[in-house]
$ cat protein_33.cif   # mmCIF, C-alpha atoms
data_final
loop_
_atom_site.label_atom_id
_atom_site.label_comp_id
_atom_site.auth_asym_id
_atom_site.auth_seq_id
_atom_site.Cartn_x
_atom_site.Cartn_y
_atom_site.Cartn_z
CA MET A 770 18.85 -11.14 5.19
CA LYS A 771 20.00 -8.23 7.29
CA SER A 772 19.88 -5.54 4.67
CA GLY A 773 16.57 -4.00 3.69
CA MET A 774 17.53 -4.38 0.04
CA THR A 775 19.53 -6.86 -1.98
CA SER A 776 21.82 -4.56 -3.91
CA THR A 777 23.26 -5.08 -7.35
CA GLY A 778 25.63 -2.25 -7.86
CA PRO A 779 27.41 0.75 -6.37
CA ASP A 780 25.69 3.68 -4.79
CA GLN A 781 22.35 1.94 -4.35
CA GLY A 782 21.76 2.62 -0.70
CA GLY A 783 23.29 3.15 2.71
CA ALA A 784 25.19 6.22 3.80
CA PRO A 785 26.87 8.42 1.20
CA GLY A 786 30.20 7.01 0.21
CA LYS A 787 29.29 3.50 1.36
CA GLN A 788 28.07 0.55 -0.67
CA PRO A 789 25.75 -2.03 0.88
CA ARG A 790 26.69 -5.66 0.62
CA SER A 791 25.90 -7.08 -2.81
CA GLU A 792 24.26 -10.48 -2.66
CA LYS A 793 23.62 -10.87 -6.37
CA PRO A 794 25.83 -10.48 -9.42
CA PRO A 795 25.94 -7.08 -11.18
CA GLY A 796 22.95 -6.52 -13.42
CA ASP A 797 20.48 -8.43 -11.26
CA ARG A 798 17.70 -6.40 -9.69
CA PRO A 799 17.53 -6.04 -5.91
CA PHE A 800 14.44 -6.42 -3.79
CA PHE A 801 13.42 -3.70 -1.33
CA GLY A 802 12.46 -5.81 1.68
CA ARG A 803 11.89 -2.86 3.99
CA VAL A 804 9.43 -1.33 1.54
CA GLU A 805 7.53 -4.62 1.59
CA SER A 806 7.47 -4.45 5.39
CA LEU A 807 5.97 -0.97 5.11
CA ARG A 808 3.19 -2.45 3.02
CA GLY A 809 2.50 -4.94 5.79
CA LEU A 810 2.29 -2.19 8.41
CA GLY A 811 0.10 -0.14 6.10
CA ALA A 812 -2.32 -3.02 5.58
CA MET A 813 -2.62 -3.47 9.35
CA ALA A 814 -3.20 0.27 9.88
CA VAL A 815 -5.99 0.34 7.29
CA ALA A 816 -7.62 -2.78 8.73
CA GLY A 817 -7.28 -1.46 12.29
CA TYR A 818 -8.96 1.78 11.30
CA HIS A 819 -11.83 -0.12 9.68
CA ILE A 820 -12.58 -2.10 12.84
CA SER A 821 -12.09 0.90 15.16
CA GLY A 822 -15.66 2.13 14.70
CA CYS A 823 -17.27 -1.28 15.18
CA PRO A 824 -19.30 -1.74 18.37
CA LEU A 825 -18.54 -4.27 21.07
CA HIS A 826 -21.31 -4.62 23.70
CA GLY A 827 -22.72 -1.34 22.42
CA ALA A 828 -19.46 0.65 22.76
CA ALA A 829 -17.33 1.48 19.69
CA LEU A 830 -13.78 0.17 19.97
CA PHE A 831 -12.22 3.53 19.06
CA PRO A 832 -14.86 6.16 18.24
CA VAL A 833 -14.00 9.58 16.85
CA GLY A 834 -15.84 11.18 19.77
CA PRO A 835 -15.55 10.34 23.49
CA TRP A 836 -17.26 7.29 24.97
CA ASP A 837 -20.32 8.06 27.10
CA GLY A 838 -19.70 8.02 30.81
CA THR A 839 -15.93 7.62 30.69
CA GLY A 840 -13.23 9.74 32.24
CA THR A 841 -10.11 11.51 31.05
CA ARG A 842 -7.89 8.43 31.11
CA GLU A 843 -10.11 6.48 28.72
CA ASN A 844 -10.33 9.33 26.26
CA VAL A 845 -6.58 9.92 26.33
CA LEU A 846 -6.18 6.25 25.41
CA ARG A 847 -8.79 6.71 22.69
CA ARG A 848 -6.91 9.63 21.16
CA LEU A 849 -3.61 7.73 21.29
CA GLY A 850 -5.28 4.74 19.66
CA LEU A 851 -6.57 6.85 16.79
CA VAL A 852 -3.10 8.34 16.27
CA MET A 853 -1.59 4.86 16.09
CA LEU A 854 -4.18 3.73 13.51
CA PRO A 855 -3.50 6.23 10.69
CA GLY A 856 -5.71 4.53 8.13
CA HIS A 857 -5.71 7.39 5.63
CA ALA A 858 -1.96 7.97 5.96
CA ALA A 859 -1.43 4.25 5.31
CA LEU A 860 -3.52 4.59 2.15
CA MET A 861 -1.33 7.48 0.96
CA LEU A 862 1.69 5.32 1.72
CA PHE A 863 0.20 2.50 -0.39
CA PHE A 864 -0.36 4.84 -3.33
CA VAL A 865 3.17 6.26 -3.12
CA ILE A 866 4.66 2.75 -2.97
CA SER A 867 2.54 1.73 -5.95
CA GLY A 868 3.92 4.61 -8.00
CA PHE A 869 7.44 3.63 -6.92
CA VAL A 870 6.92 -0.06 -7.72
CA LEU A 871 5.26 0.47 -11.09
CA ARG A 872 7.85 3.02 -12.21
CA LEU A 873 10.65 0.56 -11.41
CA SER A 874 8.93 -2.36 -13.11
CA LEU A 875 8.80 -0.26 -16.28
CA GLU A 876 12.46 0.70 -15.98
CA TYR A 877 13.51 -2.94 -15.84
CA GLY A 878 11.17 -4.09 -18.57
CA PRO A 879 11.25 -3.56 -22.34
CA GLN A 880 11.96 0.01 -23.38
CA LYS A 881 10.01 -0.05 -26.63
CA VAL A 882 6.43 1.06 -26.21
CA SER A 883 4.54 -1.96 -27.60
CA PRO A 884 6.37 -4.76 -25.75
CA ALA A 885 6.59 -2.57 -22.63
CA ALA A 886 2.81 -2.07 -22.69
CA ALA A 887 2.14 -5.78 -23.23
CA LYS A 888 4.35 -6.86 -20.34
CA PHE A 889 3.30 -4.08 -17.98
CA PHE A 890 -0.46 -4.44 -18.41
CA LEU A 891 -0.43 -8.24 -18.38
CA ALA A 892 1.62 -8.22 -15.18
CA ARG A 893 -0.83 -5.86 -13.47
CA ILE A 894 -3.86 -7.90 -14.51
CA PHE A 895 -2.43 -11.13 -13.11
CA ARG A 896 -1.17 -9.34 -10.01
CA VAL A 897 -4.46 -7.69 -9.02
CA TYR A 898 -7.40 -9.67 -10.36
CA PRO A 899 -6.82 -13.16 -8.88
CA ILE A 900 -7.16 -11.94 -5.28
CA VAL A 901 -10.03 -9.61 -6.23
CA VAL A 902 -11.98 -12.45 -7.86
CA PHE A 903 -11.25 -14.73 -4.91
CA GLY A 904 -12.37 -12.05 -2.45
CA VAL A 905 -15.62 -11.37 -4.28
CA LEU A 906 -16.44 -15.08 -4.47
CA LEU A 907 -15.61 -15.50 -0.79
CA ILE A 908 -17.86 -12.62 0.26
CA ALA A 909 -20.66 -13.88 -1.98
CA GLY A 910 -20.34 -17.37 -0.53
CA LEU A 911 -20.36 -16.10 3.04
CA ALA A 912 -23.44 -13.98 2.31
CA VAL A 913 -25.29 -16.96 0.80
CA CYS A 914 -24.40 -19.11 3.82
CA GLN A 915 -25.62 -16.41 6.20
CA ALA A 916 -28.88 -16.02 4.29
CA ALA A 917 -29.42 -19.78 4.33
CA SER A 918 -28.76 -19.98 8.08
CA GLN A 919 -31.45 -17.34 8.62
CA GLY A 920 -33.94 -19.18 6.42
CA GLN A 921 -33.87 -16.57 3.65
CA ILE A 922 -34.51 -17.78 0.11
CA ALA A 923 -33.42 -14.64 -1.77
CA ILE A 924 -29.83 -14.56 -3.02
CA PRO A 925 -28.03 -11.48 -1.58
CA PHE A 926 -26.21 -10.63 -4.83
CA THR A 927 -27.12 -10.88 -8.50
CA VAL A 928 -24.79 -12.57 -10.98
CA PRO A 929 -24.16 -9.30 -12.92
CA GLN A 930 -23.31 -7.60 -9.63
CA VAL A 931 -20.81 -10.33 -8.74
CA LEU A 932 -19.21 -10.15 -12.19
CA ALA A 933 -18.98 -6.35 -12.02
CA ASN A 934 -17.26 -6.57 -8.65
CA MET A 935 -14.83 -9.17 -9.99
CA LEU A 936 -13.88 -6.79 -12.79
CA LEU A 937 -13.58 -3.80 -10.39
CA LEU A 938 -16.40 -2.06 -12.23
CA ASP A 939 -18.37 -2.06 -8.98
CA VAL A 940 -17.27 -2.27 -5.35
CA SER A 941 -20.66 -2.68 -3.68
CA MET A 942 -19.68 -6.08 -2.25
CA ASN A 943 -16.39 -4.90 -0.76
CA GLY A 944 -16.03 -1.16 -0.41
CA VAL A 945 -12.27 -1.18 0.20
CA LEU A 946 -11.72 -2.19 -3.43
CA TRP A 947 -12.15 1.44 -4.49
CA ALA A 948 -8.40 1.89 -3.85
CA LEU A 949 -7.64 -0.89 -6.34
CA GLN A 950 -9.97 0.80 -8.81
CA CYS A 951 -7.81 3.91 -8.45
CA GLU A 952 -4.63 1.91 -8.94
CA MET A 953 -5.89 0.19 -12.08
CA LEU A 954 -7.00 3.52 -13.53
CA MET A 955 -3.54 4.92 -12.78
CA VAL A 956 -1.73 2.07 -14.55
CA PRO A 957 -1.98 3.61 -18.07
CA VAL A 958 -1.21 7.05 -16.60
CA ILE A 959 1.98 5.76 -14.94
CA PHE A 960 2.92 3.99 -18.18
CA SER A 961 2.59 7.24 -20.13
CA LEU A 962 4.42 9.29 -17.50
CA TYR A 963 7.35 6.87 -17.48
CA PHE A 964 8.01 7.45 -21.17
CA LEU A 965 7.54 11.18 -20.64
CA GLU A 966 10.16 11.00 -17.87
CA ARG A 967 12.57 9.17 -20.19
CA ARG A 968 12.23 12.02 -22.64
CA CYS A 969 12.19 15.02 -20.27
CA GLY A 970 13.77 13.85 -17.01
CA PRO A 971 12.36 13.21 -13.52
CA ARG A 972 11.67 16.86 -12.70
CA VAL A 973 8.73 16.82 -15.08
CA LEU A 974 7.13 14.22 -12.80
CA LEU A 975 7.64 16.47 -9.80
CA GLY A 976 5.97 19.30 -11.69
CA ILE A 977 3.00 17.08 -12.58
CA ALA A 978 2.79 15.94 -8.95
CA LEU A 979 2.60 19.57 -7.79
CA VAL A 980 -0.10 20.41 -10.35
CA THR A 981 -2.19 17.34 -9.47
CA THR A 982 -1.74 18.16 -5.78
CA ALA A 983 -3.39 21.53 -6.37
CA LEU A 984 -6.09 19.89 -8.50
CA ALA A 985 -6.82 17.42 -5.67
CA PHE A 986 -8.81 20.19 -3.98
CA ARG A 987 -11.21 20.02 -6.96
CA SER A 988 -12.97 16.68 -6.63
CA HIS A 989 -14.15 16.23 -10.25
CA TRP A 990 -11.26 17.31 -12.45
CA ALA A 991 -10.42 13.69 -13.40
CA GLY A 992 -14.07 12.69 -13.81
CA TRP A 993 -14.28 10.52 -10.67
CA PRO A 994 -13.76 12.06 -7.20
CA PRO A 995 -11.61 9.24 -5.69
CA LEU A 996 -9.26 9.41 -8.68
CA SER A 997 -9.29 13.21 -8.81
CA THR A 998 -8.11 13.46 -5.22
CA ASN A 999 -5.53 10.66 -5.41
CA VAL A 1000 -3.57 11.06 -8.63
CA PHE A 1001 -0.76 13.01 -6.99
CA PRO A 1002 0.51 10.36 -4.50
CA PHE A 1003 1.02 7.88 -7.35
CA VAL A 1004 2.98 10.47 -9.31
CA LEU A 1005 5.00 11.36 -6.23
CA GLY A 1006 5.93 7.70 -5.85
CA MET A 1007 7.40 7.73 -9.33
CA VAL A 1008 10.12 10.20 -8.28
CA VAL A 1009 11.41 7.99 -5.46
CA PRO A 1010 13.98 6.11 -7.61
CA THR A 1011 15.47 9.37 -8.91
CA LEU A 1012 14.90 12.55 -6.91
CA GLY A 1013 13.95 10.67 -3.74
CA ARG A 1014 17.03 8.47 -3.92
CA ARG A 1015 19.23 11.48 -4.55
CA PHE A 1016 17.75 13.26 -1.54
CA ALA A 1017 18.13 10.24 0.75
CA LEU A 1018 21.77 9.65 -0.19
CA SER A 1019 22.68 13.32 0.21
CA LEU A 1020 21.90 13.32 3.96
CA SER A 1021 24.26 12.54 6.78
CA LYS A 1022 23.23 9.66 9.02
CA ARG A 1023 22.05 12.04 11.77
CA ALA A 1024 20.10 14.21 9.33
CA ALA A 1025 18.52 11.15 7.73
CA THR A 1026 17.44 9.91 11.17
CA PHE A 1027 15.82 13.25 11.98
CA TRP A 1028 14.09 13.29 8.61
CA ALA A 1029 12.79 9.76 9.20
CA LEU A 1030 11.40 10.70 12.62
CA GLY A 1031 9.85 13.86 11.19
CA THR A 1032 8.14 12.03 8.34
CA VAL A 1033 6.73 9.43 10.74
CA ALA A 1034 5.24 12.27 12.81
CA ALA A 1035 3.89 13.84 9.62
CA LEU A 1036 2.18 10.56 8.78
CA LEU A 1037 0.61 10.08 12.22
CA LEU A 1038 -0.52 13.58 13.20
CA PRO A 1039 -2.36 15.26 10.27
CA GLY A 1040 -5.53 13.17 10.71
CA PRO A 1041 -6.04 14.11 14.38
CA CYS A 1042 -4.99 17.72 13.69
CA PHE A 1043 -6.79 18.55 10.41
CA GLY A 1044 -9.41 15.82 10.24
CA LEU A 1045 -9.11 12.36 8.74
CA TYR A 1046 -10.54 13.24 5.32
CA SER A 1047 -9.16 16.76 5.06
CA ARG A 1048 -7.32 17.45 1.80
CA TYR A 1049 -4.62 19.14 3.88
CA SER A 1050 -4.17 15.89 5.79
CA ALA A 1051 -3.89 13.92 2.55
CA VAL A 1052 -1.32 16.30 1.06
CA THR A 1053 0.81 16.30 4.21
CA GLU A 1054 0.64 12.50 4.47
CA ALA A 1055 1.51 11.92 0.81
CA TYR A 1056 4.55 14.21 0.81
CA ALA A 1057 5.70 12.71 4.10
CA ALA A 1058 5.22 9.25 2.59
CA VAL A 1059 7.39 9.95 -0.45
CA LEU A 1060 10.25 11.15 1.78
CA PHE A 1061 9.85 8.25 4.18
CA VAL A 1062 9.76 5.64 1.40
CA SER A 1063 12.90 7.19 -0.10
CA LEU A 1064 14.70 6.83 3.23
CA VAL A 1065 13.40 3.31 3.80
CA ALA A 1066 14.44 2.22 0.31
CA TYR A 1067 17.91 3.76 0.15
CA ARG A 1068 19.21 4.34 3.69
CA HIS A 1069 19.85 0.94 5.17
CA ASP A 1070 22.33 2.35 7.69
CA LEU A 1071 19.58 3.88 9.84
CA SER A 1072 19.11 1.97 13.11
CA LEU A 1073 15.62 3.46 13.38
CA LEU A 1074 14.48 1.34 10.42
CA LYS A 1075 15.89 -2.02 11.50
CA CYS A 1076 12.48 -3.03 12.83
CA LEU A 1077 11.41 -3.32 9.18
CA ASP A 1078 13.79 -6.26 8.76
CA VAL A 1079 11.58 -8.50 10.92
CA ARG A 1080 10.68 -11.59 8.91
CA GLY A 1081 7.06 -11.56 10.02
CA LEU A 1082 6.56 -8.03 8.69
CA ARG A 1083 8.25 -9.00 5.44
CA LEU A 1084 5.86 -11.93 4.99
CA LEU A 1085 2.92 -9.71 5.86
CA GLY A 1086 4.08 -7.16 3.31
CA LEU A 1087 4.27 -9.80 0.61
CA SER A 1088 0.71 -10.78 1.57
CA SER A 1089 -0.58 -7.21 1.90
CA GLY A 1090 -2.83 -7.57 -1.15
CA SER A 1091 -4.72 -10.44 0.46
CA TYR A 1092 -4.76 -8.65 3.81
CA TYR A 1093 -6.21 -5.49 2.30
CA VAL A 1094 -8.81 -7.19 0.08
CA LEU A 1095 -10.01 -9.80 2.59
CA HIS A 1096 -9.79 -8.24 6.04
CA MET A 1097 -13.36 -6.92 5.95
CA ALA A 1098 -14.68 -10.43 5.29
CA THR A 1099 -13.27 -11.56 8.65
CA LEU A 1100 -14.85 -8.75 10.67
CA PRO A 1101 -18.21 -10.37 11.53
CA MET A 1102 -16.60 -13.51 12.93
CA ALA A 1103 -13.94 -11.48 14.77
CA LEU A 1104 -16.58 -9.34 16.46
CA ALA A 1105 -18.66 -12.42 17.34
CA ILE A 1106 -15.64 -14.04 19.00
CA ALA A 1107 -14.76 -10.83 20.85
CA THR A 1108 -18.36 -10.49 22.05
CA ALA A 1109 -18.25 -14.00 23.45
CA ILE A 1110 -14.86 -13.58 25.16
CA VAL A 1111 -14.86 -10.00 26.47
CA PRO A 1112 -17.18 -9.35 29.45
CA PRO A 1113 -19.68 -6.52 28.85
CA THR A 1114 -18.49 -4.74 31.99
CA TRP A 1115 -15.03 -4.38 30.50
CA SER A 1116 -16.41 -2.58 27.45
CA SER A 1117 -18.37 -0.16 29.64
CA ASN A 1118 -15.76 0.43 32.35
CA ALA A 1119 -12.47 0.27 30.43
CA PRO A 1120 -13.11 0.74 26.69
CA GLY A 1121 -9.70 2.40 26.28
CA LEU A 1122 -8.05 -0.91 27.16
CA VAL A 1123 -10.53 -3.25 25.47
CA GLY A 1124 -10.23 -1.43 22.13
CA PRO A 1125 -6.48 -1.91 21.56
CA LEU A 1126 -6.56 -5.48 22.87
CA VAL A 1127 -9.36 -6.55 20.53
CA ILE A 1128 -7.93 -4.71 17.53
CA ALA A 1129 -4.39 -6.02 18.08
CA ALA A 1130 -5.63 -9.60 18.57
CA TRP A 1131 -7.62 -9.41 15.32
CA LEU A 1132 -4.81 -7.84 13.29
CA VAL A 1133 -2.30 -10.47 14.43
CA GLY A 1134 -4.78 -13.34 14.38
CA ILE A 1135 -5.74 -12.98 10.71
CA ALA A 1136 -2.13 -12.48 9.52
CA PRO A 1137 -1.28 -16.21 9.12
CA LEU A 1138 -4.53 -16.74 7.21
CA MET A 1139 -3.67 -13.91 4.81
CA VAL A 1140 -0.16 -15.28 4.26
CA CYS A 1141 -1.65 -18.68 3.36
CA ILE A 1142 -4.24 -17.16 1.00
CA SER A 1143 -1.55 -15.07 -0.66
CA ARG A 1144 0.49 -18.18 -1.37
CA LEU A 1145 -2.54 -20.05 -2.66
CA VAL A 1146 -4.04 -17.24 -4.76
CA GLU A 1147 -1.75 -14.26 -5.34
CA MET A 1148 1.52 -16.10 -5.97
CA PRO A 1149 0.04 -18.58 -8.47
CA GLY A 1150 -1.63 -15.65 -10.24
CA ILE A 1151 1.69 -13.83 -10.56
CA ALA A 1152 3.39 -17.03 -11.78
CA LEU A 1153 0.63 -17.55 -14.36
CA GLY A 1154 1.11 -13.98 -15.55
CA ARG A 1155 4.81 -14.60 -16.09
CA ARG A 1156 4.05 -17.72 -18.11
CA VAL A 1157 1.57 -15.78 -20.24
CA ILE A 1158 4.16 -13.04 -20.81
CA ARG A 1159 6.75 -15.63 -21.87
CA PHE A 1160 4.18 -17.31 -24.12
CA CYS A 1161 3.45 -13.97 -25.78
CA ARG A 1162 7.22 -13.60 -26.34
CA VAL A 1163 7.29 -10.11 -24.89
CA GLU A 1164 10.83 -8.72 -24.91
CA ALA A 1165 12.35 -9.59 -21.52
CA ARG A 1166 15.67 -7.79 -21.50
CA PRO A 1167 15.49 -4.00 -21.12
CA VAL A 1168 17.29 -1.69 -23.48
CA ALA A 1169 19.46 1.00 -21.87
CA ALA A 1170 17.21 4.01 -21.53
CA PRO A 1171 18.38 7.56 -22.25
CA GLY A 1172 17.49 10.43 -19.98
CA PRO A 1173 17.39 9.86 -16.22
CA GLU A 1174 20.09 7.67 -14.72
CA ARG A 1175 19.13 4.02 -14.37
CA VAL A 1176 18.49 2.94 -10.82
CA ALA A 1177 19.41 -0.65 -9.91
CA ALA A 1178 16.35 -1.41 -7.84
CA ARG A 1179 13.42 -3.72 -7.99
CA VAL A 1180 10.27 -3.90 -5.92
CA ALA A 1181 7.85 -6.80 -6.36
CA ALA A 1182 5.15 -5.29 -8.53
#

$ encode --input "protein_33.cif" --output "structure tokens"
Amino acid sequence: MKSGMTSTGPDQGGAPGKQPRSEKPPGDRPFFGRVESLRGLGAMAVAGYHISGCPLHGAALFPVGPWDGTGTRENVLRRLGLVMLPGHAALMLFFVISGFVLRLSLEYGPQKVSPAAAKFFLARIFRVYPIVVFGVLLIAGLAVCQAASQGQIAIPFTVPQVLANMLLLDVSMNGVLWALQCEMLMVPVIFSLYFLERRCGPRVLLGIALVTTALAFRSHWAGWPPLSTNVFPFVLGMVVPTLGRRFALSLSKRAATFWALGTVAALLLPGPCFGLYSRYSAVTEAYAAVLFVSLVAYRHDLSLLKCLDVRGLRLLGLSSGSYYVLHMATLPMALAIATAIVPPTWSSNAPGLVGPLVIAAWLVGIAPLMVCISRLVEMPGIALGRRVIRFCRVEARPVAAPGPERVAARVAA
């Protein structure tokens, strides 16, 4: 499919005054393929950042500070490598896309509160928890095998600890799951904000996003620091189908291209300029992400974005949940293989070349595995959730909603 979205009606994307090719009958919901590709790139950026600090023959692949005993060339390569692995910006992108996706899933679901809640929450449970449970069991199994190979009798994890991690009440076994904790905590918030938007219009969401942006500089206002500092990107994502779409379609093709280039720069540069965990970096990245996602979703005429139509990226995006949850479990084996293959002299003499080669090989090498796991775990979980929703006889056909204009768009939730 050449278009980044399968469209179902007029004025859903492309340049102003143009209608993208419709591949489905009116009333069907399109799929934003390019947004899925963004998820794939984001998952790789997060994983690449996580391996960047790992040592190979005693030298970190991409340390924050300069390598000992290396010259200018190596450290220029190091800085470029860190720019091209914007792990925190990718996380902001994930949160914005989640707000976008969940807002749209509500729009195309039941419009009465009770059936909407039943369908929405059941869908999220069966979307998130199967891969989380699988990941926790995998990590526990690998830890037990490692302990046994070393002759240790003690079990590395207790049963209550494993159960707590499966339920996302604890993330001690896989630290990256804190982002999914945030998302699950935001699910009822997004549900409530959607019905507020129906009543008051999309500008109320923008106002809430601005307020929560200011509150993000206070790390305990929501009771839990990771949630306190990350509410606003989810809320920003909710305005993509309305205000973001309107903005994207109002631009000429040249202006949209410049905006796309500018938002990419605003995603890549804040970390190196302000510091990776600076609140100013997070705010810049999140607002750049909401503009970029709007352009990716609704401007399919931009040549700059055609790279997101690559089938491999699309598959990786569809498997991004598995990639994000499981990539840390593959790190020990990846580093062991790299240690065996890469000569120690390379790590000491040319770390600026070894780093990108090892990271790129790992990111690409685990992709087919993650696609397979997604099809074996995530997709059956989603299918089971749909069967449960049908069994519960939750209203399937949405009722026309008053307030903000309906947007004919669907993103796989």

$ closest_residue --input "protein_33.cif" --among "A:Pro995, A:Pro1010, A:Pro1101, A:Pro971" --to "Gln950 of chain A" --atoms "all atoms listed in the file"
A:Pro995

$ resolve_selection --input "protein_33.cif" --expression "the PyMOL selection byres ((chain A and resi 981) around 12)" --output "ChimeraX atom specification"
/A:974-980,982-988,990-991,996-1005,1052

$ resolve_selection --input "protein_33.cif" --expression "the PyMOL selection byres ((chain A and resi 891) around 12)" --output "number ranges by chain"
A: 884-890, 892-898, 953, 956-957, 1150-1161, 1163, 1182

$ write_last_selection --input "protein_33.cif" --atoms "C-alpha atoms" --output "compact mmCIF listing (two decimals), keeping the file's coordinate frame"
# COMPACT_ATOMS: atom_id res chain seq x y z
CA PRO A 884 6.37 -4.76 -25.75
CA ALA A 885 6.59 -2.57 -22.63
CA ALA A 886 2.81 -2.07 -22.69
CA ALA A 887 2.14 -5.78 -23.23
CA LYS A 888 4.35 -6.86 -20.34
CA PHE A 889 3.30 -4.08 -17.98
CA PHE A 890 -0.46 -4.44 -18.41
CA ALA A 892 1.62 -8.22 -15.18
CA ARG A 893 -0.83 -5.86 -13.47
CA ILE A 894 -3.86 -7.90 -14.51
CA PHE A 895 -2.43 -11.13 -13.11
CA ARG A 896 -1.17 -9.34 -10.01
CA VAL A 897 -4.46 -7.69 -9.02
CA TYR A 898 -7.40 -9.67 -10.36
CA MET A 953 -5.89 0.19 -12.08
CA VAL A 956 -1.73 2.07 -14.55
CA PRO A 957 -1.98 3.61 -18.07
CA GLY A 1150 -1.63 -15.65 -10.24
CA ILE A 1151 1.69 -13.83 -10.56
CA ALA A 1152 3.39 -17.03 -11.78
CA LEU A 1153 0.63 -17.55 -14.36
CA GLY A 1154 1.11 -13.98 -15.55
CA ARG A 1155 4.81 -14.60 -16.09
CA ARG A 1156 4.05 -17.72 -18.11
CA VAL A 1157 1.57 -15.78 -20.24
CA ILE A 1158 4.16 -13.04 -20.81
CA ARG A 1159 6.75 -15.63 -21.87
CA PHE A 1160 4.18 -17.31 -24.12
CA CYS A 1161 3.45 -13.97 -25.78
CA VAL A 1163 7.29 -10.11 -24.89
CA ALA A 1182 5.15 -5.29 -8.53

$ resolve_selection --input "protein_33.cif" --expression "the PyMOL selection byres ((chain A and resi 825) around 8)" --output "MDAnalysis selection string"
chainID A and resid 823:824 826:830 1104 1107:1108 1116

$ write_last_selection --input "protein_33.cif" --atoms "C-alpha atoms" --output "mmCIF file, in the coordinates of the input"
data_model
loop_
_atom_site.group_PDB
_atom_site.id
_atom_site.type_symbol
_atom_site.label_atom_id
_atom_site.label_comp_id
_atom_site.auth_asym_id
_atom_site.auth_seq_id
_atom_site.Cartn_x
_atom_site.Cartn_y
_atom_site.Cartn_z
ATOM 1 C CA CYS A 823 -17.270 -1.280 15.180
ATOM 2 C CA PRO A 824 -19.300 -1.740 18.370
ATOM 3 C CA HIS A 826 -21.310 -4.620 23.700
ATOM 4 C CA GLY A 827 -22.720 -1.340 22.420
ATOM 5 C CA ALA A 828 -19.460 0.650 22.760
ATOM 6 C CA ALA A 829 -17.330 1.480 19.690
ATOM 7 C CA LEU A 830 -13.780 0.170 19.970
ATOM 8 C CA LEU A 1104 -16.580 -9.340 16.460
ATOM 9 C CA ALA A 1107 -14.760 -10.830 20.850
ATOM 10 C CA THR A 1108 -18.360 -10.490 22.050
ATOM 11 C CA SER A 1116 -16.410 -2.580 27.450
#

$ residues_near_point --input "protein_33.cif" --point "(-3.1, 2.7, 19.2)" --cutoff "12 Å" --atoms "only C-alpha atoms" --output "compact mmCIF listing (two decimals) with C-alpha atoms, keeping the file's coordinate frame"
# COMPACT_ATOMS: atom_id res chain seq x y z
CA MET A 813 -2.62 -3.47 9.35
CA ALA A 814 -3.20 0.27 9.88
CA GLY A 817 -7.28 -1.46 12.29
CA TYR A 818 -8.96 1.78 11.30
CA SER A 821 -12.09 0.90 15.16
CA LEU A 830 -13.78 0.17 19.97
CA PHE A 831 -12.22 3.53 19.06
CA VAL A 845 -6.58 9.92 26.33
CA LEU A 846 -6.18 6.25 25.41
CA ARG A 847 -8.79 6.71 22.69
CA ARG A 848 -6.91 9.63 21.16
CA LEU A 849 -3.61 7.73 21.29
CA GLY A 850 -5.28 4.74 19.66
CA LEU A 851 -6.57 6.85 16.79
CA VAL A 852 -3.10 8.34 16.27
CA MET A 853 -1.59 4.86 16.09
CA LEU A 854 -4.18 3.73 13.51
CA PRO A 855 -3.50 6.23 10.69
CA GLY A 856 -5.71 4.53 8.13
CA LEU A 1037 0.61 10.08 12.22
CA GLY A 1121 -9.70 2.40 26.28
CA LEU A 1122 -8.05 -0.91 27.16
CA VAL A 1123 -10.53 -3.25 25.47
CA GLY A 1124 -10.23 -1.43 22.13
CA PRO A 1125 -6.48 -1.91 21.56
CA LEU A 1126 -6.56 -5.48 22.87
CA VAL A 1127 -9.36 -6.55 20.53
CA ILE A 1128 -7.93 -4.71 17.53
CA ALA A 1129 -4.39 -6.02 18.08

$ closest_residue --input "protein_33.cif" --among "A:Ile1135, A:Leu1030, A:Val833, A:Leu860" --to "Ala1055 of chain A" --atoms "all atoms listed in the file"
A:Leu860

$ residues_around --input "protein_33.cif" --residues "Trp947 of chain A" --least-positions-apart "4" --cutoff "12 Å" --atoms "all atoms listed in the file" --output "number ranges by chain"
A: 860, 901, 934, 936-943, 951-954, 993-996, 999, 1093-1094

$ write_last_selection --input "protein_33.cif" --atoms "C-alpha atoms" --output "tab-separated table (two decimals), keeping the file's coordinate frame"
chain	number	residue	atom	x	y	z
A	860	LEU	CA	-3.52	4.59	2.15
A	901	VAL	CA	-10.03	-9.61	-6.23
A	934	ASN	CA	-17.26	-6.57	-8.65
A	936	LEU	CA	-13.88	-6.79	-12.79
A	937	LEU	CA	-13.58	-3.80	-10.39
A	938	LEU	CA	-16.40	-2.06	-12.23
A	939	ASP	CA	-18.37	-2.06	-8.98
A	940	VAL	CA	-17.27	-2.27	-5.35
A	941	SER	CA	-20.66	-2.68	-3.68
A	942	MET	CA	-19.68	-6.08	-2.25
A	943	ASN	CA	-16.39	-4.90	-0.76
A	951	CYS	CA	-7.81	3.91	-8.45
A	952	GLU	CA	-4.63	1.91	-8.94
A	953	MET	CA	-5.89	0.19	-12.08
A	954	LEU	CA	-7.00	3.52	-13.53
A	993	TRP	CA	-14.28	10.52	-10.67
A	994	PRO	CA	-13.76	12.06	-7.20
A	995	PRO	CA	-11.61	9.24	-5.69
A	996	LEU	CA	-9.26	9.41	-8.68
A	999	ASN	CA	-5.53	10.66	-5.41
A	1093	TYR	CA	-6.21	-5.49	2.30
A	1094	VAL	CA	-8.81	-7.19	0.08

$ atom_distance --input "protein_33.cif" --atom1 "atom CA of Val958 of chain A" --atom2 "atom CA of Glu876 of chain A"
15.1 Å

$ closest_residue --input "protein_33.cif" --among "A:Thr1011, A:Ser1089, A:Asn1118, A:Ser1047" --to "Glu805 of chain A" --atoms "all atoms listed in the file"
A:Ser1089
